[in-house]
Structures are given as structure tokens and as C-alpha cells.
Amino acid sequence: MSTEIYAPGLEGVVAGETAISTVEGGLCYRGYPITELAEKTTYEEVAYMLLHGELPRPAELEAFRQRLERHRQLPDALLRFFRALPPDTPMMDVLRTSVSLLTHFDPDYHRWPKEPTAPAALALVQDLLSKISERLLAQMAAAIAAYFRISRGLEPLAPKSGLSHAAQFLYQLTGEVPDDPAVRAFDVSLILYAEHEFNASTFTARVITSTLSDPYSAIVGALGALKGPLHGGANEHVMPFLRRIATPERVEEHLQAMLARKERVMGFGHRVYKTGDLRATILSTWAARLAQSRGETQWEVIAQRVEEYLRTTKNLHPNLDWPAGRLYYYLGLPISLYTPIFAASRVAGWCAHIREQWQANRLIRPRARYIGPPLRLVPPLQERV
Ligand code: COA
């Protein structure tokens with residue numbers, strides 16, 4: 001047996017190779033710095049690059065957009081399922097079941113090879129993964145909007161032709177085409193959420209894929225991991241937290257009490273970034289801009305005081321969920337949708353990693369350090385007291 005390496009939470013462990021993104025020296029997707037991407041591209045361009053390796057040429061982007069538009073159509077069975085759900089079913093749970101249900105209606109999934117390891121099957125697997133990824137990208141966003149409307153007694157909306165992915169989502173949710181600053185702010189948030197190396201949900205997707213299971217199972221697993229408050233669930237806690245503080249004067253007292261109770265401030269801290277998260281810096285600018293235009297600057301004032309307090313007392317810095325929670329609120333989005341929106345964006349990264357795992361697969365199977373009872377014999381049932 002090889003030498004034992006033990007790192008609780010796999011902290012600092014390099015668990016695989018990837019060409020999709022790195023956090024070393026500032027986040028880059030396929031070599032492009034996140035600052036550049038947030039400034040010069042749209043979510044569709046980024047999603048295309050994550051899935052297919054390179055930024056699209058104009059004709060490739062147009063064809064990709066048209067495919068996404070076609071895939072936004074949801075099967076009737078999914079809409080019937082939405083109507084049958086108990087009121088107030090959490091959106092992340094709905095999304096998880098939706099992805100599972102969509103498996104059965106995907107014509108490409110029906111072509112999934114029975115023996116995917118056969119060399120002849122690998123090219124087919126890559127082709128199907130490409131198609132399934134694009135379908136999921138469109139359908140997850142459409143499913144969130146459709147369930148949101150149905151849960152409020154409204155009819156789901158057909159997609160409006162010609163809208164960007166970001167604008168389409170906001171339109172299918174509200175029935176209104178939002179203004180350009182709102183669309184761009186939302187688009188930037190999707191770019192920033194799209195991919196992040198071996199985070200917990202992506203790693204989950206890769207673990208599932210490493211058994212040569214199917215991509216839908218991998219995405220269902222990733223959704224389960226993302227839902228947790230230590231991962232994607234954090235963005236939904238930001239506004240309730242700011243509302244509890246209520247005024248800038250209460251920041252210190254509130255945080256002191258929280259930290260004394262060993263409570264975590266959601267949207268702060270990161271396993272990898274210990275001196276700050278570049279994504280949070282980029283999105284903070286957009287959040288502040290929107291707050292200004294919507295007359296909601298009181299939350300920004302409190303947020304800044306919170307940042308200052310945690311930086312100086314605990315050396316804690318905001319992560320992306322901190323500005324995202326505020327930005328989505330200024331856009332008028334319901335808090336229950338924040339983590340699902342994260343998922344609808346991150347599905348691009350998940351699918352890219354699933355494809356990459358298939359390209360050079362090795363079963364992910366670490367060891368555990370045993371800390372249970374020492375070796376002992378099984379006593380007969382009658383003698384157990
Ligand atoms: N609020 C308060 N204290 C925090 C904190 C937070 N958000 N994040 C970390 N800390 C503290 C821990 O309590 C610990 O303090 P201690 O040494 O006095 O016990 C120290 O910082 C190190 O924390 P640790 O849990 O070892 O860091 P980690 O790398 O395991 O944690 C997170 C990373 C993301 C799980 C953690 O920062 C967290 O829980 N953040 C809140 C949830 C969140 O925003 N998640 C989204 C991540 S993108």
C-alpha cells in the first residue's frame with residue numbers, strides 16, 4: 001500500500017487534472033482571466049467555451065443560441081409534475097427532481113451506449129454529452145422559471161425569440177423584458193458562477209462520472225451538493241442576514257454576538273481564497289451600481305460595514321455569494337431562486353467536467369483512516385447485553 005496522505009475535507013489535495021479552469025494566480029476559464037470574461041463576453045460565449053474548448057466564432061455562437069432556444073421547450077410531463085407538487089416545495093428540490101425526470105424525455109440519452117467503455121462507444125459518448133449538456137443548459141433555466149410561475153398560480157411562458165440567455169430567463173420568470181443594465185448585471189453573475197475548478201458539486205459530478213454512470217445522475221448529484229449552505233446555499237442567506245441587522249449602527253454588535261456563538265456569516269470565507277475572491281470584487285461593483293439605480297443603497301452601506309468588520313477582526317473576505325445575494329435582490333428576484341440560478345449557470349462547468357472526466361477516466365476511490373473499535377469477535381445473540 002502507498003504512503004498514507006490524510007487531509008480532512010481533502011484540503012490542499014490535488015485530486016485530478018483539468019484544462020477547464022484554475023484558481024492559481026487568479027481565476028481563469030481555459031486560460032482567460034475572469035476579469036476579461038466578465039468585461040468582454042456573454043454567458044453564452046462562456047458556456048460554449050467551457051463545453052467545447054474555445055470561444056465561439058460568430059456563426060458558431062449564433063448556431064449555439066438557436067440550439068438553446070429550441071431546447072427551452074419543456075416536456076408536458078414536467079409541467080404536469082410541477083402542478084402536482086405540494087405548495088412551497090423548495091426550488092432546489094424541484095430542480096433536482098426535474099433533472100432526473102428530464103432524463104426520460106431526452107432522445108439523445110436514449111442513445112446512451114449500454115457498454116460505454118468499448119473504444120467505439122467513446123466517440124458516441126462525447127457527441128451525446130455535448131448534446132445533453134446544451135439541452136440541460138436551456139432546460140434547467142426554463143424549468144426554474146416555469147415552476148416559479150406555476151407555484152404562484154401563473155401560466156409558464158413560452159420563450160421569446162431573439163433574447164439572450166440572461167434576458168430570456170428574466171423574461172420567462174416575470175413576463176417582462178428587463179432593461180439592459182439589469183440583463184448585463186445578471187449576465188455577469190452567470191459568467192462568474194459558471195465554473196470553479198474542483199469545488200464540492202463539480203467534484204461530486206466527477207466522482208459519479210468516474211464510475212461511468214450517466215450525465216443526468218452526475219448532475220442530480222451535483223445539485224444535491226450545491227444545495228448545502230456551505231456551498232451554493234449561501235447566497236440565499238445574504239439578504240435575510242442584512243435585514244436582521246437592519247441599520248449600519250447595529251453591524252458590530254450583531255457580528256460580535258454571531259461570532260461569539262461560533263455562527264458563520266454566509267457569503268464570507270473560502271476554502272481556497274484566503275485573501276479575497278476576485279469574483280466577489282467584480283460583482284460587488286455591479287451590485288452597488290444596481291442598488292444606486294433602484295434606490296436600495298441602505299443595504300450596500302450595511303454590507304460595507306460587515307465586510308470591514310470581518311476583514312479587520314477575522315481576516316475573512318467575501319466570496320461570490322455575498323454580492324450575488326444582494327444583486328439578485330436588487331433585480332427583484334425571489335430569494336428562493338438564488339441557489340437554483342447558481343445551478344443553472346454552473347451546469348455549464350459541471351457538464352464540461354463530466355466530458356473531461358470521460359476523456360481520461362480513472363475511478364475516484366480514496367481510502368479512509370479507520371478510527372473504529374479494534375478487532376473483536378461477534379458474540380452470540382443471547383450473550384449480548
Ligand atoms: N463566518 C465566520 N467564521 C468563519 C467563516 C464565516 N463565513 N468562514 C470561516 N470562518 C472561520 C472558522 O470559524 C474558522 O475559525 P477558527 O479557526 O477560529 O475556528 C476559520 O475561519 C477557518 O475556517 P474553516 O472552516 O477551516 O475554513 P474552510 O476552508 O473549511 O471553510 C467555508 C470554507 C466556505 C466552508 C467557510 O468559509 C464557510 O462556512 N463560509 C460560509 C458559507 C459560504 O459562504 N459558502 C460559500 C462558499 S463559496
# chains A, B, ... in the order shown; residues from 1 in each chain; ligands from 1
$ select_by_dssp --residues "segment 141-347 of chain A" --states "alpha helix (DSSP H)" --output "number ranges by chain"
A: 141-151, 165-174, 180-193, 200-210, 215-227, 238-245, 251-260, 278-294, 297-314, 321-330, 338-347
$ residues_around --residues "Arg206 of chain A" --least-positions-apart "2" --cutoff "8 Å" --atoms "only C-alpha atoms" --output "PyMOL selection string"
chain A and resi 202-204+208-210+218+353-354+357
$ residues_around --residues "segment 290-302 of chain A" --least-positions-apart "2" --cutoff "9 Å" --atoms "only C-alpha atoms" --output "PDB file with C-alpha atoms, in the first residue's frame"
ATOM      1  CA  PRO A 181     -28.383  47.257 -17.202  1.00  0.00           C
ATOM      2  CA  ALA A 182     -30.410  44.585 -15.396  1.00  0.00           C
ATOM      3  CA  ALA A 185     -25.661  42.626 -14.386  1.00  0.00           C
ATOM      4  CA  MET A 239     -30.462  39.406   2.339  1.00  0.00           C
ATOM      5  CA  LEU A 242     -28.733  42.137   6.144  1.00  0.00           C
ATOM      6  CA  ARG A 243     -32.403  42.598   7.004  1.00  0.00           C
ATOM      7  CA  ILE A 245     -29.009  43.757  11.040  1.00  0.00           C
ATOM      8  CA  ALA A 246     -31.327  46.446   9.642  1.00  0.00           C
ATOM      9  CA  THR A 247     -29.127  49.518  10.295  1.00  0.00           C
ATOM     10  CA  PRO A 248     -25.374  50.228   9.900  1.00  0.00           C
ATOM     11  CA  GLU A 249     -25.082  51.075  13.601  1.00  0.00           C
ATOM     12  CA  ARG A 250     -26.017  47.517  14.560  1.00  0.00           C
ATOM     13  CA  VAL A 251     -23.351  45.791  12.449  1.00  0.00           C
ATOM     14  CA  THR A 285     -19.368  46.801  -8.459  1.00  0.00           C
ATOM     15  CA  TRP A 286     -22.452  45.594 -10.313  1.00  0.00           C
ATOM     16  CA  ALA A 287     -24.437  45.198  -7.099  1.00  0.00           C
ATOM     17  CA  ALA A 288     -23.524  48.739  -5.988  1.00  0.00           C
ATOM     18  CA  GLN A 304     -19.615  47.519   3.504  1.00  0.00           C
ATOM     19  CA  ARG A 305     -19.564  47.771   7.296  1.00  0.00           C
ATOM     20  CA  VAL A 306     -19.899  43.979   7.549  1.00  0.00           C
ATOM     21  CA  GLU A 307     -17.005  43.496   5.105  1.00  0.00           C
ATOM     22  CA  ARG A 326     -27.656  41.450  -2.976  1.00  0.00           C
ATOM     23  CA  LEU A 327     -27.603  41.831  -6.744  1.00  0.00           C
ATOM     24  CA  TYR A 330     -31.995  44.485  -6.385  1.00  0.00           C
ATOM     25  CA  LEU A 331     -33.163  42.765  -9.570  1.00  0.00           C
TER      26      LEU A 331
END
$ residues_near_ligand --ligand "ligand 1" --cutoff "6 Å" --atoms "only C-alpha atoms and all ligand atoms" --output "list in words"
Leu230, His231, Ala234, Arg264, Val265, Met266, Gly267, Phe268, Gly269, His270, Arg271 and Asn319 of chain A
$ residues_around --residues "segment 136-153 of chain A" --least-positions-apart "6" --cutoff "10 Å" --atoms "only C-alpha atoms" --output "MDAnalysis selection string"
chainID A and resid 44 47 65 67:75 78:89 91:92 94:96 98:99 102:103 106 159 165:166 168:175 216 219 334 336:337 340:341 343:348 351
$ closest_atom_pairs --of "segment 176-268 of chain A" --to "segment 276-281 of chain A" --cutoff "12 Å" --atoms "only C-alpha atoms" --output "JSON lines"
{"residue": "A:Val188", "atom": "CA", "partner": "A:Arg279", "partner_atom": "CA", "distance": 9.9}
{"residue": "A:Ser189", "atom": "CA", "partner": "A:Arg279", "partner_atom": "CA", "distance": 8.8}
{"residue": "A:Leu190", "atom": "CA", "partner": "A:Arg279", "partner_atom": "CA", "distance": 11.0}
{"residue": "A:Ile191", "atom": "CA", "partner": "A:Arg279", "partner_atom": "CA", "distance": 9.6}
{"residue": "A:Leu192", "atom": "CA", "partner": "A:Arg279", "partner_atom": "CA", "distance": 6.2}
{"residue": "A:Tyr193", "atom": "CA", "partner": "A:Arg279", "partner_atom": "CA", "distance": 8.6}
{"residue": "A:Ala194", "atom": "CA", "partner": "A:Arg279", "partner_atom": "CA", "distance": 11.2}
{"residue": "A:Glu195", "atom": "CA", "partner": "A:Arg279", "partner_atom": "CA", "distance": 11.2}
{"residue": "A:His196", "atom": "CA", "partner": "A:Arg279", "partner_atom": "CA", "distance": 10.5}
{"residue": "A:Asn235", "atom": "CA", "partner": "A:Ala280", "partner_atom": "CA", "distance": 11.8}
{"residue": "A:Gly267", "atom": "CA", "partner": "A:Ala280", "partner_atom": "CA", "distance": 9.4}
{"residue": "A:Phe268", "atom": "CA", "partner": "A:Gly276", "partner_atom": "CA", "distance": 9.3}
$ write_last_selection --atoms "N, CA and C atoms" --output "PDB file, in the first residue's frame"
ATOM      1  N   VAL A 188     -23.455  38.966 -16.103  1.00  0.00           N
ATOM      2  CA  VAL A 188     -22.125  38.903 -15.466  1.00  0.00           C
ATOM      3  C   VAL A 188     -22.149  37.918 -14.296  1.00  0.00           C
ATOM      4  N   SER A 189     -23.239  37.930 -13.530  1.00  0.00           N
ATOM      5  CA  SER A 189     -23.308  36.992 -12.393  1.00  0.00           C
ATOM      6  C   SER A 189     -23.276  35.552 -12.905  1.00  0.00           C
ATOM      7  N   LEU A 190     -23.928  35.297 -14.037  1.00  0.00           N
ATOM      8  CA  LEU A 190     -23.930  33.935 -14.600  1.00  0.00           C
ATOM      9  C   LEU A 190     -22.527  33.546 -15.063  1.00  0.00           C
ATOM     10  N   ILE A 191     -21.816  34.515 -15.661  1.00  0.00           N
ATOM     11  CA  ILE A 191     -20.431  34.238 -16.106  1.00  0.00           C
ATOM     12  C   ILE A 191     -19.571  33.849 -14.894  1.00  0.00           C
ATOM     13  N   LEU A 192     -19.735  34.604 -13.804  1.00  0.00           N
ATOM     14  CA  LEU A 192     -18.896  34.368 -12.623  1.00  0.00           C
ATOM     15  C   LEU A 192     -19.232  33.051 -11.925  1.00  0.00           C
ATOM     16  N   TYR A 193     -20.496  32.641 -12.016  1.00  0.00           N
ATOM     17  CA  TYR A 193     -20.915  31.396 -11.365  1.00  0.00           C
ATOM     18  C   TYR A 193     -20.643  30.154 -12.222  1.00  0.00           C
ATOM     19  N   ALA A 194     -20.270  30.344 -13.489  1.00  0.00           N
ATOM     20  CA  ALA A 194     -20.302  29.225 -14.445  1.00  0.00           C
ATOM     21  C   ALA A 194     -19.345  28.073 -14.136  1.00  0.00           C
ATOM     22  N   GLU A 195     -18.211  28.381 -13.499  1.00  0.00           N
ATOM     23  CA  GLU A 195     -17.198  27.329 -13.355  1.00  0.00           C
ATOM     24  C   GLU A 195     -16.242  27.676 -12.225  1.00  0.00           C
ATOM     25  N   HIS A 196     -15.778  26.659 -11.491  1.00  0.00           N
ATOM     26  CA  HIS A 196     -14.840  26.944 -10.401  1.00  0.00           C
ATOM     27  C   HIS A 196     -14.059  25.704 -10.004  1.00  0.00           C
ATOM     28  N   ASN A 235     -25.882  32.001  -0.871  1.00  0.00           N
ATOM     29  CA  ASN A 235     -26.376  33.276  -1.427  1.00  0.00           C
ATOM     30  C   ASN A 235     -27.804  33.621  -0.956  1.00  0.00           C
ATOM     31  N   GLY A 267     -21.608  33.785   2.879  1.00  0.00           N
ATOM     32  CA  GLY A 267     -21.085  34.704   1.865  1.00  0.00           C
ATOM     33  C   GLY A 267     -19.679  35.179   2.207  1.00  0.00           C
ATOM     34  N   PHE A 268     -19.121  34.654   3.307  1.00  0.00           N
ATOM     35  CA  PHE A 268     -17.745  35.014   3.691  1.00  0.00           C
ATOM     36  C   PHE A 268     -16.903  33.756   3.853  1.00  0.00           C
TER      37      PHE A 268
END
$ closest_residue --among "A:Ala225, A:Ile282, A:Leu55, A:Leu128" --to "Ala324 of chain A" --atoms "only C-alpha atoms"
A:Ile282
$ closest_residue --among "A:Gln382, A:Gln256, A:Asn315, A:Ser213" --to "Thr117 of chain A" --atoms "only C-alpha atoms"
A:Ser213
$ atom_distance --atom1 "atom CA of Tyr309 of chain A" --atom2 "atom CA of Phe241 of chain A"
14.9 Å
$ atom_distance --atom1 "atom CA of Tyr29 of chain A" --atom2 "atom CA of Leu122 of chain A"
25.2 Å
